[in-house]
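Participant: Below you'll find work15.txt; it's compact mmCIF, C-alpha atoms and all ligand atoms.
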# COMPACT_ATOMS: atom_id res chain seq x y z
CA MET A 305 -11.67 8.79 10.83
CA LYS A 306 -14.54 9.52 8.45
CA LYS A 307 -17.11 6.74 8.13
CA GLN A 308 -16.74 4.94 4.81
CA ILE A 309 -19.99 4.12 3.02
CA ILE A 310 -19.02 1.76 0.22
CA GLY A 311 -21.39 0.19 -2.28
CA ASN A 312 -20.78 -3.05 -4.14
CA TRP A 313 -22.89 -3.42 -7.26
CA LYS A 314 -21.66 -6.96 -7.91
CA LEU A 315 -22.77 -8.23 -11.35
CA ASN A 316 -25.46 -5.61 -11.90
CA GLY A 317 -25.97 -2.43 -13.88
CA SER A 318 -25.72 -0.96 -17.35
CA SER A 319 -24.70 2.44 -18.79
CA GLU A 320 -28.29 3.59 -18.67
CA VAL A 321 -28.81 2.44 -15.10
CA LEU A 322 -25.56 4.08 -14.08
CA LYS A 323 -26.47 7.45 -15.57
CA SER A 324 -29.84 7.68 -13.89
CA TYR A 325 -28.40 6.29 -10.62
CA ALA A 326 -25.68 8.94 -10.64
CA SER A 327 -28.06 11.81 -11.21
CA SER A 328 -30.38 10.58 -8.48
CA LEU A 329 -27.55 9.95 -5.98
CA LEU A 330 -25.94 13.32 -6.60
CA LYS A 331 -29.16 15.07 -5.71
CA GLN A 332 -29.23 13.35 -2.34
CA VAL A 333 -25.67 13.50 -1.02
CA GLU A 334 -23.58 16.44 0.14
CA PRO A 335 -19.91 16.51 1.16
CA SER A 336 -19.59 15.80 4.87
CA ASP A 337 -16.94 15.97 7.57
CA GLU A 338 -18.31 12.76 8.99
CA ALA A 339 -18.52 10.39 6.06
CA GLU A 340 -17.22 9.44 2.62
CA ILE A 341 -19.10 7.52 -0.03
CA GLY A 342 -17.91 5.26 -2.81
CA VAL A 343 -19.29 2.68 -5.18
CA ALA A 344 -17.63 -0.37 -6.75
CA VAL A 345 -19.10 -1.02 -10.17
CA PRO A 346 -18.30 -3.75 -12.75
CA PHE A 347 -15.06 -3.10 -14.68
CA PRO A 348 -16.63 -1.78 -17.91
CA TYR A 349 -18.45 0.97 -16.01
CA ILE A 350 -15.63 2.34 -13.85
CA GLY A 351 -14.67 5.04 -16.35
CA LEU A 352 -18.24 6.10 -16.96
CA ALA A 353 -19.01 6.03 -13.24
CA ALA A 354 -15.99 8.23 -12.63
CA GLN A 355 -17.23 10.71 -15.23
CA CYS A 356 -20.73 10.75 -13.78
CA LEU A 357 -19.82 10.71 -10.10
CA PHE A 358 -16.20 11.21 -9.20
CA ASP A 359 -15.37 14.42 -11.01
CA LYS A 360 -18.29 16.38 -9.72
CA THR A 361 -18.70 15.17 -6.20
CA ILE A 362 -17.46 13.29 -3.28
CA VAL A 363 -18.51 9.91 -4.60
CA LYS A 364 -15.47 7.71 -5.16
CA VAL A 365 -15.48 4.94 -7.71
CA GLY A 366 -13.83 1.57 -7.28
CA ALA A 367 -13.53 -1.99 -8.57
CA GLN A 368 -14.73 -5.28 -7.12
CA ASN A 369 -11.64 -7.28 -8.02
CA CYS A 370 -8.30 -6.91 -9.80
CA CYS A 371 -5.32 -8.83 -11.08
CA ALA A 372 -2.17 -8.94 -8.95
CA GLN A 373 0.06 -8.87 -12.05
CA GLU A 374 0.99 -5.58 -13.71
CA SER A 375 0.80 -6.62 -17.34
CA GLY A 376 1.53 -9.45 -19.74
CA ALA A 377 0.00 -12.74 -20.80
CA PHE A 378 -2.95 -12.86 -18.38
CA THR A 379 -5.96 -13.12 -20.66
CA GLY A 380 -9.13 -11.68 -19.24
CA GLU A 381 -7.51 -9.88 -16.32
CA VAL A 382 -7.58 -6.21 -15.31
CA SER A 383 -4.58 -4.60 -13.59
CA THR A 384 -4.65 -2.14 -10.73
CA ASP A 385 -2.88 0.49 -12.86
CA MET A 386 -5.69 0.17 -15.42
CA ILE A 387 -8.29 0.70 -12.71
CA ARG A 388 -6.36 3.70 -11.42
CA ASP A 389 -6.02 4.99 -15.00
CA VAL A 390 -9.80 5.27 -15.34
CA ALA A 391 -10.05 7.08 -11.99
CA GLY A 392 -10.64 4.15 -9.66
CA ALA A 393 -9.86 5.03 -6.07
CA PHE A 394 -10.26 1.69 -4.30
CA VAL A 395 -10.59 -2.03 -4.97
CA ILE A 396 -12.54 -4.64 -2.99
CA VAL A 397 -10.34 -7.73 -2.62
CA GLY A 398 -11.18 -11.14 -1.20
CA HIS A 399 -14.94 -10.73 -1.16
CA SER A 400 -16.50 -14.00 0.01
CA GLU A 401 -18.07 -14.52 -3.42
CA ARG A 402 -14.59 -14.38 -4.99
CA ARG A 403 -13.28 -16.77 -2.37
CA SER A 404 -16.12 -19.30 -2.60
CA LEU A 405 -17.13 -19.11 -6.28
CA TYR A 406 -13.75 -18.42 -7.89
CA GLY A 407 -11.40 -20.21 -5.52
CA GLU A 408 -9.54 -17.09 -4.46
CA THR A 409 -7.15 -17.84 -1.62
CA SER A 410 -5.99 -15.49 1.11
CA MET A 411 -2.53 -15.56 -0.43
CA THR A 412 -3.91 -14.27 -3.74
CA VAL A 413 -5.89 -11.65 -1.83
CA SER A 414 -2.69 -10.42 -0.22
CA GLU A 415 -0.94 -10.14 -3.60
CA LYS A 416 -3.89 -8.22 -5.00
CA ALA A 417 -3.97 -5.89 -2.00
CA SER A 418 -0.24 -5.13 -2.47
CA SER A 419 -0.82 -4.32 -6.10
CA VAL A 420 -3.74 -2.02 -5.25
CA ILE A 421 -1.56 -0.10 -2.79
CA ALA A 422 1.33 0.08 -5.26
CA SER A 423 -1.05 1.68 -7.78
CA GLY A 424 -2.00 4.36 -5.28
CA MET A 425 -5.44 3.05 -4.40
CA VAL A 426 -6.97 1.62 -1.24
CA PRO A 427 -7.70 -2.11 -0.94
CA ILE A 428 -10.78 -3.11 1.02
CA ILE A 429 -9.77 -6.54 2.29
CA CYS A 430 -12.83 -8.68 3.04
CA VAL A 431 -12.96 -11.44 5.60
CA GLY A 432 -15.84 -13.41 7.10
CA GLU A 433 -16.77 -16.71 8.64
CA SER A 434 -19.44 -19.14 7.40
CA GLU A 435 -22.57 -19.95 9.38
CA GLU A 436 -21.13 -23.35 10.23
CA GLU A 437 -17.93 -21.83 11.53
CA ARG A 438 -19.88 -19.44 13.73
CA GLU A 439 -22.03 -22.27 15.07
CA GLN A 440 -18.87 -24.18 15.92
CA GLY A 441 -17.63 -21.15 17.83
CA ILE A 442 -14.46 -20.86 15.74
CA HIS A 443 -15.33 -17.54 14.06
CA LEU A 444 -12.52 -15.60 15.75
CA ASP A 445 -9.92 -18.18 14.72
CA VAL A 446 -11.21 -18.15 11.15
CA ILE A 447 -10.90 -14.38 10.87
CA LYS A 448 -7.48 -14.44 12.48
CA ALA A 449 -6.24 -16.96 9.91
CA GLN A 450 -7.84 -15.09 6.99
CA LEU A 451 -6.34 -11.76 8.04
CA LYS A 452 -2.92 -13.25 8.73
CA GLU A 453 -2.68 -14.41 5.12
CA SER A 454 -4.76 -11.77 3.35
CA VAL A 455 -3.02 -8.65 4.63
CA PRO A 456 0.36 -7.96 3.01
CA ALA A 457 3.31 -8.03 5.42
CA ASP A 458 4.54 -4.62 6.62
CA VAL A 459 1.55 -2.83 5.19
CA ASP A 460 0.86 0.73 6.27
CA GLN A 461 -2.55 0.27 7.89
CA GLU A 462 -3.65 3.77 6.94
CA LYS A 463 -3.52 2.72 3.29
CA MET A 464 -5.98 -0.15 3.61
CA MET A 465 -9.41 -1.02 4.97
CA ILE A 466 -10.75 -4.25 6.40
CA ALA A 467 -14.37 -5.28 5.86
CA TYR A 468 -15.76 -7.87 8.26
CA GLU A 469 -18.54 -9.57 6.34
CA PRO A 470 -19.97 -12.72 7.92
CA VAL A 471 -20.85 -14.94 4.97
CA TRP A 472 -24.22 -15.86 6.52
CA ALA A 473 -25.23 -12.19 6.55
CA ILE A 474 -24.42 -11.43 2.91
CA GLY A 475 -27.50 -11.10 0.75
CA THR A 476 -29.60 -13.01 3.26
CA GLY A 477 -31.34 -10.20 5.15
CA LYS A 478 -29.83 -11.72 8.33
CA VAL A 479 -27.78 -8.91 9.78
CA ALA A 480 -25.18 -9.62 12.46
CA SER A 481 -26.17 -8.35 15.90
CA LEU A 482 -24.43 -5.27 17.22
CA ASP A 483 -22.78 -7.51 19.82
CA ASP A 484 -21.46 -9.85 17.12
CA ILE A 485 -20.02 -6.88 15.26
CA LYS A 486 -18.50 -5.37 18.41
CA GLU A 487 -16.94 -8.68 19.43
CA MET A 488 -15.33 -9.23 16.04
CA HIS A 489 -14.22 -5.64 15.53
CA ASN A 490 -12.67 -5.48 18.99
CA PHE A 491 -10.88 -8.75 18.30
CA ILE A 492 -9.52 -7.43 14.99
CA LYS A 493 -8.39 -4.17 16.59
CA GLU A 494 -7.17 -5.20 20.01
CA ASP A 495 -6.04 -8.79 19.61
CA LEU A 496 -4.86 -8.71 16.01
CA GLY A 497 -3.53 -5.15 16.16
CA PHE A 498 -5.44 -3.53 13.29
CA LYS A 499 -5.93 -0.19 14.99
CA GLY A 500 -4.77 2.06 12.18
CA CYS A 501 -7.15 1.13 9.38
CA ALA A 502 -10.82 1.69 8.71
CA LEU A 503 -12.85 -1.29 9.90
CA LEU A 504 -16.08 -1.86 8.00
CA TYR A 505 -19.04 -4.14 8.55
CA GLY A 506 -20.89 -5.72 5.64
CA GLY A 507 -23.89 -8.04 5.38
CA SER A 508 -27.50 -6.97 4.82
CA VAL A 509 -26.89 -3.31 5.68
CA LYS A 510 -30.07 -1.40 4.82
CA PRO A 511 -31.39 2.11 5.43
CA ASP A 512 -33.31 0.90 8.48
CA ASN A 513 -30.36 -0.69 10.28
CA ALA A 514 -27.50 1.53 9.08
CA LYS A 515 -27.77 4.11 11.84
CA ASP A 516 -27.47 1.52 14.62
CA ILE A 517 -24.59 -0.28 12.94
CA LEU A 518 -22.73 2.96 12.20
CA SER A 519 -23.15 4.11 15.77
CA VAL A 520 -20.99 1.23 17.05
CA PRO A 521 -17.71 3.05 17.83
CA SER A 522 -15.46 0.45 16.15
CA VAL A 523 -17.46 0.56 12.91
CA THR A 524 -15.73 3.04 10.63
CA GLY A 525 -17.87 2.18 7.68
CA VAL A 526 -20.16 -0.25 5.92
CA LEU A 527 -19.90 -2.32 2.76
CA VAL A 528 -23.31 -2.43 1.16
CA GLY A 529 -24.42 -4.88 -1.54
CA GLY A 530 -28.12 -5.02 -2.40
CA ALA A 531 -29.06 -1.67 -0.90
CA SER A 532 -26.34 0.12 -2.89
CA LEU A 533 -28.21 -0.66 -6.13
CA LYS A 534 -30.94 1.82 -5.34
CA ALA A 535 -29.73 5.42 -5.20
CA ASP A 536 -32.39 6.33 -2.62
CA ASP A 537 -31.39 3.53 -0.26
CA PHE A 538 -27.68 4.12 -0.68
CA ALA A 539 -28.06 7.85 -0.09
CA ALA A 540 -30.17 7.12 3.02
CA ILE A 541 -27.36 4.95 4.41
CA TYR A 542 -24.81 7.72 3.78
CA ASN A 543 -27.14 10.27 5.32
CA ALA A 544 -27.61 8.04 8.40
CA VAL A 545 -24.07 8.87 9.57
P1 LIG B 601 -25.52 -7.34 0.99
O1 LIG B 601 -24.03 -7.63 0.41
O2 LIG B 601 -25.50 -5.94 1.53
O3 LIG B 601 -26.42 -7.52 -0.17
O4 LIG B 601 -25.73 -8.33 2.08
C1 LIG B 601 -22.92 -7.21 1.10
C2 LIG B 601 -21.66 -7.56 0.34
O5 LIG B 601 -21.65 -8.58 -0.37
O6 LIG B 601 -20.67 -6.83 0.41
Output the file's structure as structure tokens, nothing else.

Facilitator:
Amino acid sequence: MKKQIIGNWKLNGSSEVLKSYASSLLKQVEPSDEAEIGVAVPFPYIGLAAQCLFDKTIVKVGAQNCCAQESGAFTGEVSTDMIRDVAGAFVIVGHSERRSLYGETSMTVSEKASSVIASGMVPIICVGESEEEREQGIHLDVIKAQLKESVPADVDQEKMMIAYEPVWAIGTGKVASLDDIKEMHNFIKEDLGFKGCALLYGGSVKPDNAKDILSVPSVTGVLVGGASLKADDFAAIYNAV
């Protein structure tokens, strides 16, 4: 399985930033048998990102969220078919910021993931425990419960990815130890049975720690927030594979 290097721009960027980012990134990445690269930009920039990145290279473009409904009276929402229509290839669902700031439940995440798959794209289903939950030693149970509800029943695992992102490691500079990552990934694969999908790690991945993280055998990719905003850093993470 090729390592997936996925960027999440969150609420950042502009057309100008995107254009110069694309030209800088494209100079620094080459197609590889070992890795694939993609970037999730805010909705208004997906089409432009696809024009700048997707057509010419290996860089896939995705969304950070979606609506589970296909169409109709859902003011302010964006459907998975619309994302696909402007050349989106994947959608991040259930990011911890969506769960904590916008009240997204695992059940909603599952509906969104189903819709992403139905539109022919790949959902990246995010799960992660809080610092408190880890201190209490219940992190495995938390992830088990999140995955049980967030992954659609009878899903073909090859059509989805799971990103393990401990909440305490997101945007904090506190990266999980390789042992923490191994423990959780092995639990997700062996105990919960997710052996057929890509299993990512996310949380303060930077150029200087990417190589170590990506060398953990269970890690089939990384989800990168802050460091994906700089083309040089993001390219360095891709080139660390
Ligand atoms: P970070 O974000 O790399 O800035 O920690 C990761 C994420 O939110 O996916």

Participant: Could you check the closest approach to ligand LIG 601 (chain B) for each of A:Ser418, A:Asn490, A:Thr476, A:Ser336 and tell me which residue wins, using only C-alpha atoms and all ligand atoms?

Facilitator: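 Among the listed residues, the smallest separation from ligand LIG 601 (chain B) belongs to A:Thr476.
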
Participant: From the list A:Gln440, A:Ser454, A:Ser383, A:Thr524, which residue is nearest A:Ser414 when using only C-alpha atoms?

Facilitator: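 Once distances to A:Ser414 are computed over only C-alpha atoms, the minimum belongs to A:Ser454.
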
Participant: What lies within 8 Å of stretch 525-527 of chain A using all atoms listed in the file, ignoring chain neighbours under 6 positions off, as a PyMOL selection string?

Facilitator: chain A and resi 307-312+467+502-507+509+518

Participant: Around ligand LIG 601 (chain B), at most 10 Å away and counting only C-alpha atoms and all ligand atoms, which residues are there? Put them as a ChimeraX atom specification, please.

Facilitator: /A:310-314,368,396,399-401,430,467-479,505-510,526-533

Participant: I'd like the neighbourhood of stretch 513-517 of chain A as a list in words, where a residue qualifies if any of its atoms comes within 8 Å (using only C-alpha atoms), though same-chain residues fewer than 4 positions away should be ignored.

Facilitator: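 Once the nearby chain positions are removed, what remains is Leu482, Val509, Val523, Ile541, Ala544 and Val545 of chain A.
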
Participant: Calculated over only C-alpha atoms, which of the candidates A:Gly392, A:Ser328, A:Val520, A:Ser319 has the smallest distance to A:Ala354?

Facilitator: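 For A:Ala354, the nearest of the given residues is A:Gly392.
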
Participant: Using all atoms listed in the file for the distances, tell me which of A:Val431, A:Met488, A:Val395, A:Leu329 is nearest to A:Tyr542.

Facilitator: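 Residue with the minimum atom-to-atom distance to A:Tyr542: A:Leu329.
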
Participant: Quick check, in Å to one decimal: how far apart do atom CA of A:Ser481 and atom CA of A:Gly432 lie?

Facilitator: 14.5 Å

Participant: Record the distance separating atom CA of A:Leu322 and atom CA of A:Leu357, expressed in Å with one decimal.

Facilitator: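 These atoms are spaced 9.6 Å apart.
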
Participant: Between atom CA of A:Asp537 and atom CA of A:Ala326, what is the distance in Å, rounded to a tenth?

Facilitator: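 Straight-line distance from atom CA of A:Asp537 to atom CA of A:Ala326 works out to 13.0 Å.
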
Participant: Go through A:Cys356, A:Leu315, A:Ile362, A:Ala540 and flag the residue nearest A:Asp337, using all atoms listed in the file for the distances.

Facilitator: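 For A:Asp337, the nearest of the candidates is A:Ile362.
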
Participant: Taking all atoms of stretch 450-468 of chain A that the file lists and extending 3 Å past them on each side, where is the centre of the axis-aligned box and how long are its edges? Answer in Å to one decimal, as JSON.

Facilitator:
{"center_x": -5.6, "center_y": -5.7, "center_z": 5.9, "size_x": 26.3, "size_y": 24.9, "size_z": 11.7}

Participant: Can you tell me, as a ChimeraX atom specification, what residues are no more than 10 Å from A:Val390 when counting only C-alpha atoms, ignoring any on the same chain fewer than 5 positions away?

Facilitator: /A:347,349-355,365-366,385

Participant: Env of A:Ser318: 10 Å cut, atoms = all atoms listed in the file, seq-sep filter 5 positions within chain, self excluded. Answer as a VMD selection string.

Facilitator: chain A and resid 323 345 to 346 348 to 349

Participant: Using only C-alpha atoms, which residue out of A:Ala377, A:Ile387, A:Ile429, A:Val343 lies closest to A:Arg402?

Facilitator: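 Nearest to A:Arg402: A:Ile429.
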
Participant: Identify, on the basis of all atoms listed in the file, every residue whose closest approach to A:Met425 does not exceed 6 Å; exclude the query and any residue fewer than 5 positions from it along the same chain; express the result as a PDB file with C-alpha atoms, in the coordinates of the input.

Facilitator:
ATOM      1  CA  ALA A 393      -9.860   5.030  -6.070  1.00  0.00           C
ATOM      2  CA  PHE A 394     -10.260   1.690  -4.300  1.00  0.00           C
ATOM      3  CA  VAL A 420      -3.740  -2.020  -5.250  1.00  0.00           C
TER       4      VAL A 420
END
